[in-house]
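A.B. asks: Below are the structure tokens for one structure; questions will follow.
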Amino acid sequence: MTIREVQEEILRLKKEKDFCILAHAYQGQEILEVADYMGDSYGLSVQAAKAPHKNVLMCGVRFMAETCKVLSPDKTVYLANPLAGCPMADQLDPEFLGALKEQYPDHAVVAYINTSSELKTVCDVCVTSSSAVKICKALDADKILFVPDKNLGNYVQKQVPEKEFAFFSGGCPRHAVMSATDVEKAKSAHPNALFLVHPECRPEVVAMADFVGSTTAIMNYAKKSDAKEFIIGTENSIVEHLQFDEPDKQFYPLSVNLTCMNMKTTTLMDVCHVLRGTGGEEIILPEEVIAGAKRCINRMIELGG
């Protein structure tokens with residue numbers, strides 16, 4: 001089958017079987033073209049909850065599919081490829097976090113959305129990269145234990161100097177591998193380009209940026225900007241999507257190393273197999289995990305909107 005033929009079958013089957021297809025922005029363009037919604041992880045789960053479909057297919061990684069299930073417990077949620085995990089989400093489990101909380105007993109626990117639903121059950125509130133600063137400012141606590149991404153936590157700390165932060169030394173392996181040297185090389189090669197970066201990158205990389213924001217914020221900034229050239233300091237799929245969306249502008253990857261193999265695990269045929277009933281994995285969570293994770297997410301909505 002050709003890509004177009006597979007896409008046509010997916011479009012037919014998703015209507016026939018009442019599926020809503022979600023594609024994280026780090027998926028390939030061929031998957032985005034058959035999706036009902038594209039965006040960041042939390043935004044996709046909100047769209048899934050609003051959609052009328054009884055079935056949800058997440059083209060992303062496991063914690064994203066879990067968040068969909070938490071917000072839509074009455075829907076059947078599938079992960080397109082069962083192997084698609086998130087190394088950052090796997091860095092911390094409830095038992096280890098329990099030991100950390102004993103070290104910082106007077107700290108409120110703030111968890112990045114990029115964590116398992118099980119971990120969220122033992123946290124006070126979760127945050128997205130775009131809401132983290134607002135929520136940490138609004139949180140009724142002077143001391144915060146921020147997990148698992150130390151780089152995002154460092155970025156938030158700089159915006160909220162009135163509070164005391166403690167961190168777990170975790171983070172996104174892809175974003176964390178970027179260095180100031182990578183930025184210098186990219187800027188040397190493209191001196192007229194603005195540098196747009198995700199706050200999961202190292203502090204020295206973030207400090208060199210013209211704009212810092214979530215994946216969606218980076219894409220929106222590039223689309224609205226009058227500038228014509230951009231170096232993209234997040235997963236390289238964003239370079240591809242922006243090239244399609246803004247063909248009169250130039251977009252350059254910060255590094256070839258900014259490619260998430262967990263995201264790339266999902267293929268167009270994986271999507272097709274789920275719709276055929278021959279692939280994927282249904283996400284099933286215990287009721288107590290759904291309730292605990294939803295409490296954490298509801299607190300995020302309360303504080304951050």
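Residue numbering restarts at 1 in every chain; chains get A, B, ... in the order shown in the structure tokens, and ligands count up from 1 in that same order.
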Please provide the set of residues having any atom within 9 Å of Val205 in chain A, restricted to only C-alpha atoms, with same-chain residues fewer than 4 positions apart removed, written as a PyMOL selection string.

C.D. replies: chain A and resi 178-183+197+199+201+209+233

A.B. asks: Hey, what does DSSP flag as strand (DSSP E) within range 167-235 of chain A? Can you give it to me as a ChimeraX atom specification?

C.D. replies: /A:167,194-197,211-212,229-233

A.B. asks: Within 8 Å of Pro82 in chain A, counting only C-alpha atoms, which residues show up once you throw out same-chain ones fewer than 3 positions away? Write them as JSON, numbers by chain, please.

C.D. replies: {"A": [62, 79, 85, 280, 281]}

A.B. asks: Tell me, as a list in words, which residues lie within 9 Å of range 251-258 of chain A, counting only C-alpha atoms; anything in the same chain fewer than 3 positions away does not count.

C.D. replies: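 In the requested format, the answer is Arg174, His175, Val177, Met178, Asp182, Val183, Lys185, Ala186, Lys187, His190, Ala193, Phe195, Lys228, Glu229, Phe230, Ile231, Ile232, Gly233, Thr234, Glu235, Asn236, Ile238, Val239, Glu240, Leu242 and Gln243 of chain A.
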
A.B. asks: Those selected residues, please, written with N, CA and C atoms and delivered as a CSV table (one decimal), in the first residue's frame.

C.D. replies:
```
chain,number,residue,atom,x,y,z
A,174,ARG,N,16.4,13.8,25.2
A,174,ARG,CA,16.6,14.5,23.9
A,174,ARG,C,17.0,16.0,24.1
A,175,HIS,N,16.1,16.6,24.9
A,175,HIS,CA,16.3,18.1,25.1
A,175,HIS,C,17.6,18.3,25.9
A,177,VAL,N,20.4,16.8,26.0
A,177,VAL,CA,21.7,16.5,25.4
A,177,VAL,C,22.2,17.8,24.6
A,178,MET,N,21.3,18.7,24.4
A,178,MET,CA,21.7,19.9,23.7
A,178,MET,C,22.6,20.8,24.5
A,182,ASP,N,26.1,23.5,20.6
A,182,ASP,CA,25.2,23.3,19.5
A,182,ASP,C,24.5,24.5,19.1
A,183,VAL,N,24.1,25.4,20.0
A,183,VAL,CA,23.5,26.6,19.7
A,183,VAL,C,24.4,27.6,18.9
A,185,LYS,N,26.9,26.7,17.0
A,185,LYS,CA,27.1,26.2,15.7
A,185,LYS,C,25.9,26.5,14.8
A,186,ALA,N,24.7,26.4,15.3
A,186,ALA,CA,23.5,26.6,14.6
A,186,ALA,C,23.4,28.1,14.2
A,187,LYS,N,23.7,29.0,15.2
A,187,LYS,CA,23.6,30.4,15.0
A,187,LYS,C,24.7,30.9,14.0
A,190,HIS,N,23.4,29.9,10.6
A,190,HIS,CA,22.2,30.7,10.2
A,190,HIS,C,22.1,32.0,11.0
A,193,ALA,N,18.7,33.8,11.8
A,193,ALA,CA,17.6,33.0,12.3
A,193,ALA,C,17.4,33.3,13.8
A,195,PHE,N,16.2,32.0,17.4
A,195,PHE,CA,16.4,30.7,18.1
A,195,PHE,C,15.2,30.5,19.1
A,228,LYS,N,11.9,35.5,9.0
A,228,LYS,CA,11.8,34.6,7.9
A,228,LYS,C,12.7,33.3,8.2
A,229,GLU,N,13.5,33.3,9.2
A,229,GLU,CA,14.4,32.1,9.5
A,229,GLU,C,14.3,31.8,11.0
A,230,PHE,N,14.3,30.5,11.3
A,230,PHE,CA,14.2,30.1,12.7
A,230,PHE,C,15.0,28.8,12.9
A,231,ILE,N,15.7,28.8,14.0
A,231,ILE,CA,16.4,27.6,14.5
A,231,ILE,C,15.4,27.0,15.6
A,232,ILE,N,15.0,25.7,15.4
A,232,ILE,CA,14.0,25.1,16.3
A,232,ILE,C,14.7,24.3,17.4
A,233,GLY,N,14.6,24.7,18.6
A,233,GLY,CA,15.3,23.9,19.7
A,233,GLY,C,14.3,23.0,20.4
A,234,THR,N,13.6,22.2,19.7
A,234,THR,CA,12.8,21.1,20.2
A,234,THR,C,12.8,20.0,19.2
A,235,GLU,N,12.0,18.9,19.4
A,235,GLU,CA,12.0,17.7,18.6
A,235,GLU,C,11.9,18.1,17.1
A,236,ASN,N,12.6,17.4,16.3
A,236,ASN,CA,12.8,17.8,14.9
A,236,ASN,C,11.6,17.7,14.0
A,238,ILE,N,8.9,19.2,14.6
A,238,ILE,CA,8.4,20.5,14.5
A,238,ILE,C,9.0,21.3,13.4
A,239,VAL,N,10.2,21.0,13.0
A,239,VAL,CA,10.8,21.7,11.8
A,239,VAL,C,10.0,21.3,10.6
A,240,GLU,N,9.7,20.0,10.5
A,240,GLU,CA,9.0,19.5,9.3
A,240,GLU,C,7.6,20.1,9.3
A,242,LEU,N,6.4,22.9,10.5
A,242,LEU,CA,6.5,24.3,10.2
A,242,LEU,C,6.9,24.5,8.8
A,243,GLN,N,7.7,23.7,8.2
A,243,GLN,CA,8.0,23.8,6.8
A,243,GLN,C,6.8,23.6,5.9
```

A.B. asks: Under the rule that only C-alpha atoms are counted, which of A:Cys136, A:Ile21, A:Cys260, A:Met38 is the nearest residue to Met58 in chain A?

C.D. replies: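 So, comparing all the options, the nearest one is A:Ile21.
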
A.B. asks: Which residue is closest to Val127 in chain A? Choose from A:Phe165, A:Tyr104, A:Tyr155, A:Tyr42 and count only C-alpha atoms.

C.D. replies: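 Closest to Val127 in chain A, using only C-alpha atoms: A:Tyr42.
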
A.B. asks: Quick check, in Å to one decimal: how far apart do CA of Leu285 in chain A and CA of Gly171 in chain A lie?

C.D. replies: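 CA of Gly171 in chain A lies at a distance of 24.8 Å from CA of Leu285 in chain A.
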
A.B. asks: Nearest residue to Phe167 in chain A out of A:Thr115, A:Gln103, A:Thr265, A:Thr215, using only C-alpha atoms?

C.D. replies: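 Closest residue, counting only C-alpha atoms: A:Gln103.
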
A.B. asks: Any idea what's packed within 8 Å of Ile218 in chain A, counting only C-alpha atoms, ignoring anything in its chain fewer than 6 positions away? Could you give it as a PDB file with C-alpha atoms, in the first residue's frame?

C.D. replies:
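As a result, selection_10.pdb now contains:
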```pdb
ATOM      1  CA  LEU A 196      13.179  29.177  19.597  1.00  0.00           C
ATOM      2  CA  VAL A 197      13.648  26.710  22.438  1.00  0.00           C
ATOM      3  CA  HIS A 198      11.712  24.398  24.742  1.00  0.00           C
ATOM      4  CA  PHE A 211      11.844  32.755  22.572  1.00  0.00           C
ATOM      5  CA  VAL A 212      11.164  30.053  25.184  1.00  0.00           C
TER       6      VAL A 212
END
```

A.B. asks: I'd like the neighbourhood of Gly98 in chain A as a list in words, where a residue qualifies if any of its atoms comes within 10 Å (using only C-alpha atoms), though same-chain residues fewer than 4 positions away should be ignored.

C.D. replies: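 Using only C-alpha atoms, the neighbours found are Asp93, Pro94, Glu102, Gln103, Tyr104, Pro105, Leu119, Val122 and Cys123 of chain A.
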
A.B. asks: Could you write those residues out with N, CA and C atoms, as a tab-separated table (two decimals), in the first residue's frame?

C.D. replies:
```
chain	number	residue	atom	x	y	z
A	93	ASP	N	9.15	6.68	40.08
A	93	ASP	CA	7.96	5.92	40.44
A	93	ASP	C	7.48	6.35	41.82
A	94	PRO	N	6.27	5.97	42.22
A	94	PRO	CA	5.71	6.42	43.50
A	94	PRO	C	6.58	6.08	44.71
A	102	GLU	N	10.06	12.35	51.92
A	102	GLU	CA	10.58	12.28	53.29
A	102	GLU	C	11.76	13.22	53.49
A	103	GLN	N	12.53	13.44	52.41
A	103	GLN	CA	13.65	14.39	52.48
A	103	GLN	C	13.17	15.84	52.48
A	104	TYR	N	12.02	16.06	51.86
A	104	TYR	CA	11.48	17.43	51.76
A	104	TYR	C	10.03	17.44	52.28
A	105	PRO	N	9.85	17.18	53.58
A	105	PRO	CA	8.50	16.99	54.12
A	105	PRO	C	7.62	18.24	54.08
A	119	LEU	N	2.06	7.97	39.28
A	119	LEU	CA	2.87	8.96	40.02
A	119	LEU	C	2.01	10.17	40.39
A	122	VAL	N	0.25	10.59	43.85
A	122	VAL	CA	0.97	10.95	45.07
A	122	VAL	C	1.61	12.33	44.97
A	123	CYS	N	1.11	13.16	44.03
A	123	CYS	CA	1.58	14.53	43.87
A	123	CYS	C	0.47	15.51	44.23
```

A.B. asks: Report as a VMD selection string: the residues of range 1-235 of chain A with a DSSP assignment of helix (DSSP H, G or I), based on the backbone of this structure.

C.D. replies: chain A and resid 3 to 16 29 to 32 41 to 50 62 to 71 89 to 91 94 to 103 117 to 120 132 to 138 150 to 159 173 to 176 180 to 189 203 to 206 215 to 224

A.B. asks: Any idea what's packed within 6 Å of range 142-152 of chain A, counting only C-alpha atoms, ignoring anything in its chain fewer than 4 positions away? Could you give it as a count of residues only?

C.D. replies: 17

A.B. asks: Of the candidates A:Thr2, A:Gln29, A:Thr259, A:Asn55, which shows the shortest atom-to-atom distance to Val274 in chain A, using only C-alpha atoms?

C.D. replies: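 Of the candidates, the smallest distance to Val274 in chain A is held by A:Asn55.
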
A.B. asks: Can you tell me how far CA of Lys17 in chain A sits from CA of Leu275 in chain A, in Å to one decimal?

C.D. replies: 7.5 Å

A.B. asks: CA of Glu246 in chain A to CA of Lys223 in chain A: how many Å, to one decimal?

C.D. replies: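 It comes out at 6.8 Å.
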